[in-house]
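Peer 1: File work_18.txt below, compact mmCIF, C-alpha atoms:
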```
# COMPACT_ATOMS: atom_id res chain seq x y z
CA MET A 118 11.93 341.16 219.53
CA THR A 119 9.35 339.86 217.02
CA PRO A 120 10.37 338.62 213.60
CA ALA A 121 9.69 340.98 210.75
CA ALA A 122 6.53 340.22 208.78
CA THR A 123 7.16 339.00 205.30
CA ALA A 124 4.84 339.63 202.41
CA VAL A 125 3.34 336.46 201.03
CA PRO A 126 2.53 336.65 197.32
CA PRO A 127 -1.13 335.92 196.55
CA THR A 128 -2.02 332.49 195.27
CA VAL A 129 -3.61 332.09 191.84
CA PRO A 130 -7.18 331.87 193.27
CA GLN A 131 -6.53 335.00 195.34
CA GLN A 132 -5.26 336.83 192.25
CA ARG A 133 -8.40 335.86 190.29
CA ALA A 134 -10.61 337.07 193.14
CA GLN A 135 -8.88 340.45 192.98
CA GLU A 136 -9.35 340.82 189.22
CA PRO A 137 -12.60 342.48 188.17
CA ALA A 138 -15.01 340.08 186.50
CA ALA A 139 -16.00 340.78 182.93
CA ALA A 140 -19.52 342.09 182.48
CA GLN A 141 -22.20 339.69 181.33
CA ILE A 142 -23.47 340.33 177.79
CA GLN A 143 -27.14 340.04 176.85
CA LEU A 144 -28.62 340.50 173.39
CA ILE A 145 -32.12 341.87 172.84
CA PRO A 146 -33.15 341.18 169.22
CA ALA A 147 -34.50 344.27 167.45
CA PRO A 148 -34.42 345.68 163.94
CA THR A 149 -32.16 348.68 163.40
CA ASP A 150 -35.14 351.03 163.30
CA GLY A 151 -36.51 349.48 166.51
CA ALA A 152 -33.29 349.41 168.52
CA LEU A 153 -34.07 352.66 170.38
CA ASP A 154 -37.51 351.37 171.38
CA ALA A 155 -35.95 348.11 172.56
CA ALA A 156 -33.36 350.05 174.58
CA ASP A 157 -36.09 352.20 176.16
CA GLU A 158 -38.10 349.09 177.07
CA THR A 159 -34.95 347.53 178.52
CA VAL A 160 -34.31 350.61 180.67
CA ASP A 161 -37.91 350.53 181.90
CA LEU A 162 -37.51 346.85 182.84
CA LEU A 163 -34.22 347.51 184.62
CA LEU A 164 -35.82 350.32 186.64
CA ASP A 165 -38.91 348.22 187.38
CA THR A 166 -36.70 345.42 188.74
CA GLY A 167 -34.83 347.68 191.14
CA ARG A 168 -31.90 349.19 189.27
CA ALA A 169 -31.22 352.76 190.31
CA PRO A 170 -31.42 355.26 187.42
CA GLY A 171 -27.84 356.40 188.01
CA GLU A 172 -26.57 352.86 187.40
CA ILE A 173 -27.63 352.89 183.74
CA LEU A 174 -25.85 354.31 180.70
CA VAL A 175 -27.55 354.09 177.30
CA LEU A 176 -25.38 354.40 174.20
CA THR A 177 -26.56 354.70 170.60
CA THR A 178 -24.55 353.66 167.55
CA GLY A 179 -26.48 355.78 165.05
CA ASP A 180 -28.62 358.85 165.67
CA GLN A 181 -28.69 360.27 169.17
CA HIS A 182 -31.42 359.14 171.52
CA PRO A 183 -34.17 361.82 171.57
CA TRP A 184 -33.43 362.53 175.25
CA ALA A 185 -29.78 363.27 174.49
CA ALA A 186 -30.68 365.42 171.48
CA HIS A 187 -33.11 367.41 173.64
CA GLU A 188 -30.70 367.85 176.55
CA LEU A 189 -27.90 368.96 174.22
CA THR A 190 -30.07 371.92 173.15
CA PHE A 191 -29.34 373.37 176.61
CA GLY A 192 -25.61 373.18 175.96
CA GLU A 193 -22.75 370.75 176.40
CA ALA A 194 -21.92 371.92 179.94
CA SER A 195 -25.43 371.22 181.24
CA TYR A 196 -25.57 367.89 179.39
CA TRP A 197 -22.26 366.62 180.79
CA ALA A 198 -23.07 367.93 184.27
CA GLN A 199 -25.99 365.49 184.27
CA HIS A 200 -23.59 362.69 183.31
CA ASP A 201 -21.16 363.63 186.06
CA ALA A 202 -23.94 363.80 188.68
CA ALA A 203 -24.74 360.13 187.87
CA ASP A 204 -28.15 360.32 189.51
CA ASP A 205 -30.24 359.48 186.45
CA VAL A 206 -30.12 357.32 183.33
CA PHE A 207 -27.71 358.98 180.92
CA TYR A 208 -27.92 358.79 177.12
CA ALA A 209 -24.99 359.40 174.76
CA GLY A 210 -23.54 358.40 171.43
CA ILE A 211 -21.31 355.35 171.61
CA SER A 212 -18.31 357.39 170.47
CA ALA A 213 -18.68 359.99 173.24
CA GLU A 214 -15.32 360.03 174.95
CA ARG A 215 -16.44 361.62 178.23
CA THR A 216 -18.73 358.81 179.32
CA THR A 217 -17.59 356.86 182.33
CA GLY A 218 -18.53 353.42 183.51
CA ARG A 219 -21.79 352.42 185.07
CA PRO A 220 -22.93 349.03 186.34
CA VAL A 221 -25.27 348.57 183.37
CA VAL A 222 -24.66 349.76 179.83
CA VAL A 223 -27.41 349.42 177.22
CA VAL A 224 -26.37 349.81 173.58
CA ALA A 225 -28.94 350.53 170.87
CA VAL A 226 -27.46 349.35 167.56
CA ASN A 227 -29.47 351.85 165.55
CA GLY A 228 -26.95 352.48 162.79
CA GLY A 229 -23.26 353.11 162.56
CA SER A 230 -20.45 351.63 160.54
CA ASP A 231 -19.41 347.99 160.77
CA ASP A 232 -15.82 349.30 160.58
CA THR A 233 -16.00 351.35 163.79
CA LEU A 234 -18.63 349.50 165.82
CA PRO A 235 -16.47 346.59 167.05
CA ARG A 236 -14.08 349.03 168.75
CA ALA A 237 -17.00 351.05 170.10
CA LEU A 238 -18.72 347.95 171.49
CA ALA A 239 -15.46 346.89 173.12
CA GLY A 240 -15.41 350.31 174.78
CA ALA A 241 -19.02 349.87 175.89
CA LEU A 242 -18.12 346.50 177.40
CA ALA A 243 -15.23 348.12 179.25
CA HIS A 244 -17.66 350.73 180.66
CA ALA A 245 -20.14 348.08 181.85
CA GLY A 246 -19.54 347.06 185.43
CA VAL A 247 -21.76 343.99 185.55
CA LEU A 248 -24.00 343.95 182.48
CA LEU A 249 -23.85 345.00 178.82
CA ILE A 250 -27.16 344.77 177.00
CA VAL A 251 -27.05 345.12 173.22
CA CYS A 252 -30.33 345.89 171.46
CA GLY A 253 -30.21 345.26 167.72
CA ASP A 254 -30.19 342.83 164.85
CA PRO A 255 -28.89 339.57 166.38
CA THR A 256 -26.83 338.59 163.32
CA ARG A 257 -25.15 342.00 163.13
CA ALA A 258 -24.72 342.33 166.90
CA ASN A 259 -23.18 338.88 167.26
CA SER A 260 -20.73 339.54 164.42
CA LEU A 261 -19.82 342.92 165.93
CA LEU A 262 -19.39 341.46 169.39
CA GLY A 263 -17.25 338.68 167.98
CA ALA A 264 -15.08 341.22 166.19
CA SER A 265 -14.67 343.28 169.35
CA ALA A 266 -13.53 340.35 171.50
```
What's the structure tokens form of this structure?
Peer 2:
Amino acid sequence: MTPAATAVPPTVPQQRAQEPAAAQIQLIPAPTDGALDAADETVDLLLDTGRAPGEILVLTTGDQHPWAAHELTFGEASYWAQHDAADDVFYAGISAERTTGRPVVVVAVNGGSDDTLPRALAGALAHAGVLLIVCGDPTRANSLLGASA
């Protein structure tokens, strides 16, 4: 008869290895009215360096990205079906509740309220698997990121 196996609790280093690592945060300086352009350039760079389109989620804090506005003209069901397929870059407002995580989240700080943005940026960070890129005014973005931590 063999002795019964006993469960050994994980050690602290093993526990840390099992915990998901927080996404890295990068800031791309841009004026509020240039945040969308900076986000688009960032997406182009990500794609050019080998990121798959389906790994990227772009969120806006103010007006919708023109791609999202255009796609929404075909209806919500079609728009969200593209999100769920996860085979292309997806664009949404930062407060959209249906968005799910992707390895890379790009946030264009192109408006929005300083009262609601810290919570929204915290949500964006939670959606980012490995990288959160914030495109916007560095002073405002840093204060918002500090408030969301």
Peer 1: Would you kindly return, as number ranges by chain, each protein, DNA or RNA residue with an atom no farther than 6 Å from any atom of segment 223-227 of chain A, considering all atoms listed in the file and excluding same-chain residues fewer than 3 positions away?
Peer 2: A: 149, 152-153, 156, 175-179, 249-253
Peer 1: What is the atom CA of Leu238 of chain A to atom CA of Phe191 of chain A distance in Å?
Peer 2: 28.0 Å
Peer 1: Hey, which of A:Ile173, A:Gly218, A:Ala245, A:Asp204 ends up closest to Ala140 of chain A? Count all atoms listed in the file.
Peer 2: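 Closest to Ala140 of chain A of all the choices is A:Ala245.
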Peer 1: Expressed in Å to a single decimal, how great is the separation between atom CA of Gly246 of chain A and atom CA of Thr217 of chain A?
Peer 2: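 Atom-to-atom, atom CA of Gly246 of chain A to atom CA of Thr217 of chain A, that is 10.5 Å.
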Peer 1: Calculated over only C-alpha atoms, which of the candidates A:Ala139, A:Val206, A:Ala213, A:Ala237 has the smallest distance to Glu193 of chain A?
Peer 2: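 Comparing A:Ala139, A:Val206, A:Ala213, A:Ala237 against Glu193 of chain A, the winner is A:Ala213.
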Peer 1: How many Å lie between atom CA of Gly210 of chain A and atom CA of Pro170 of chain A, rounded to one decimal?
Peer 2: 18.1 Å
Peer 1: Give me the residues near Leu174 of chain A as a PyMOL selection string, where near means some atom within 7 Å (using all atoms listed in the file) and where sequence neighbours in that chain fewer than 6 positions away do not count.
Peer 2: chain A and resi 206-208+219+221-223
Peer 1: Between A:Pro235, A:Ala241, A:Leu162, A:Pro183, which has the minimum distance to Asn259 of chain A (counting all atoms listed in the file)?
Peer 2: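 Looking only at the distances to Asn259 of chain A, the closest residue turns out to be A:Pro235.
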Peer 1: Return the single residue from A:Gln141, A:Ser230, A:Pro148, A:Arg168 that is closest to His244 of chain A, with distances computed using all atoms listed in the file.
Peer 2: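 Going through A:Gln141, A:Ser230, A:Pro148, A:Arg168 one by one, the smallest distance to His244 of chain A is for A:Gln141.
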Peer 1: Can you work out which one of A:Thr159, A:Asp201, A:Glu214, A:Glu172 has the shortest atom-to-atom distance to Leu144 of chain A, counting all atoms listed in the file?
Peer 2: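 Using all atoms listed in the file, Leu144 of chain A sits closest to A:Thr159.
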Peer 1: Pick the closest to His187 of chain A from A:Ala169, A:Ala138, A:Ala209, A:Ala203: which is it, counting only C-alpha atoms?
Peer 2: A:Ala209
Peer 1: Restrict the output to segment 139-164 of chain A and N, CA and C atoms, then write it as an mmCIF file, in the first residue's frame.
Peer 2:
```cif
data_model
loop_
_atom_site.group_PDB
_atom_site.id
_atom_site.type_symbol
_atom_site.label_atom_id
_atom_site.label_comp_id
_atom_site.auth_asym_id
_atom_site.auth_seq_id
_atom_site.Cartn_x
_atom_site.Cartn_y
_atom_site.Cartn_z
ATOM 1 N N ALA A 139 0.993 42.643 -13.621
ATOM 2 C CA ALA A 139 0.304 43.854 -14.041
ATOM 3 C C ALA A 139 0.874 44.297 -15.387
ATOM 4 N N ALA A 140 0.011 44.871 -16.201
ATOM 5 C CA ALA A 140 0.442 45.345 -17.511
ATOM 6 C C ALA A 140 1.400 46.524 -17.360
ATOM 7 N N GLN A 141 2.332 46.618 -18.267
ATOM 8 C CA GLN A 141 3.238 47.752 -18.321
ATOM 9 C C GLN A 141 2.456 48.955 -18.855
ATOM 10 N N ILE A 142 2.776 50.142 -18.356
ATOM 11 C CA ILE A 142 2.115 51.365 -18.803
ATOM 12 C C ILE A 142 3.123 52.224 -19.547
ATOM 13 N N GLN A 143 2.726 52.685 -20.734
ATOM 14 C CA GLN A 143 3.542 53.614 -21.505
ATOM 15 C C GLN A 143 2.710 54.850 -21.797
ATOM 16 N N LEU A 144 3.360 55.993 -21.816
ATOM 17 C CA LEU A 144 2.687 57.259 -22.095
ATOM 18 C C LEU A 144 3.250 57.841 -23.383
ATOM 19 N N ILE A 145 2.363 58.166 -24.309
ATOM 20 C CA ILE A 145 2.729 58.830 -25.555
ATOM 21 C C ILE A 145 2.210 60.258 -25.448
ATOM 22 N N PRO A 146 3.100 61.246 -25.304
ATOM 23 C CA PRO A 146 2.638 62.637 -25.175
ATOM 24 C C PRO A 146 1.918 63.107 -26.439
ATOM 25 N N ALA A 147 0.754 63.721 -26.242
ATOM 26 C CA ALA A 147 -0.029 64.268 -27.348
ATOM 27 C C ALA A 147 -1.023 65.264 -26.781
ATOM 28 N N PRO A 148 -1.315 66.330 -27.519
ATOM 29 C CA PRO A 148 -2.361 67.241 -27.065
ATOM 30 C C PRO A 148 -3.721 66.552 -27.176
ATOM 31 N N THR A 149 -4.689 67.042 -26.456
ATOM 32 C CA THR A 149 -6.023 66.436 -26.474
ATOM 33 C C THR A 149 -6.545 66.281 -27.893
ATOM 34 N N ASP A 150 -6.366 67.325 -28.714
ATOM 35 C CA ASP A 150 -6.885 67.248 -30.079
ATOM 36 C C ASP A 150 -5.998 66.418 -31.007
ATOM 37 N N GLY A 151 -4.882 65.916 -30.516
ATOM 38 C CA GLY A 151 -4.009 65.049 -31.298
ATOM 39 C C GLY A 151 -3.924 63.635 -30.755
ATOM 40 N N ALA A 152 -4.701 63.357 -29.710
ATOM 41 C CA ALA A 152 -4.633 62.040 -29.069
ATOM 42 C C ALA A 152 -5.081 60.916 -30.000
ATOM 43 N N LEU A 153 -6.107 61.153 -30.816
ATOM 44 C CA LEU A 153 -6.550 60.112 -31.749
ATOM 45 C C LEU A 153 -5.474 59.806 -32.785
ATOM 46 N N ASP A 154 -4.832 60.862 -33.311
ATOM 47 C CA ASP A 154 -3.751 60.651 -34.273
ATOM 48 C C ASP A 154 -2.607 59.873 -33.631
ATOM 49 N N ALA A 155 -2.263 60.220 -32.400
ATOM 50 C CA ALA A 155 -1.196 59.506 -31.695
ATOM 51 C C ALA A 155 -1.574 58.043 -31.482
ATOM 52 N N ALA A 156 -2.833 57.784 -31.150
ATOM 53 C CA ALA A 156 -3.289 56.404 -30.965
ATOM 54 C C ALA A 156 -3.223 55.634 -32.283
ATOM 55 N N ASP A 157 -3.635 56.275 -33.382
ATOM 56 C CA ASP A 157 -3.568 55.614 -34.687
ATOM 57 C C ASP A 157 -2.123 55.293 -35.068
ATOM 58 N N GLU A 158 -1.212 56.231 -34.820
ATOM 59 C CA GLU A 158 0.202 55.996 -35.111
ATOM 60 C C GLU A 158 0.750 54.867 -34.238
ATOM 61 N N THR A 159 0.302 54.814 -33.002
ATOM 62 C CA THR A 159 0.729 53.760 -32.088
ATOM 63 C C THR A 159 0.253 52.400 -32.580
ATOM 64 N N VAL A 160 -0.992 52.328 -33.023
ATOM 65 C CA VAL A 160 -1.526 51.076 -33.565
ATOM 66 C C VAL A 160 -0.722 50.651 -34.792
ATOM 67 N N ASP A 161 -0.440 51.597 -35.675
ATOM 68 C CA ASP A 161 0.365 51.271 -36.861
ATOM 69 C C ASP A 161 1.717 50.699 -36.459
ATOM 70 N N LEU A 162 2.365 51.311 -35.470
ATOM 71 C CA LEU A 162 3.670 50.842 -35.003
ATOM 72 C C LEU A 162 3.563 49.442 -34.395
ATOM 73 N N LEU A 163 2.529 49.225 -33.598
ATOM 74 C CA LEU A 163 2.321 47.902 -33.004
ATOM 75 C C LEU A 163 2.158 46.837 -34.083
ATOM 76 N N LEU A 164 1.371 47.146 -35.107
ATOM 77 C CA LEU A 164 1.154 46.195 -36.203
ATOM 78 C C LEU A 164 2.444 45.976 -36.994
#
```
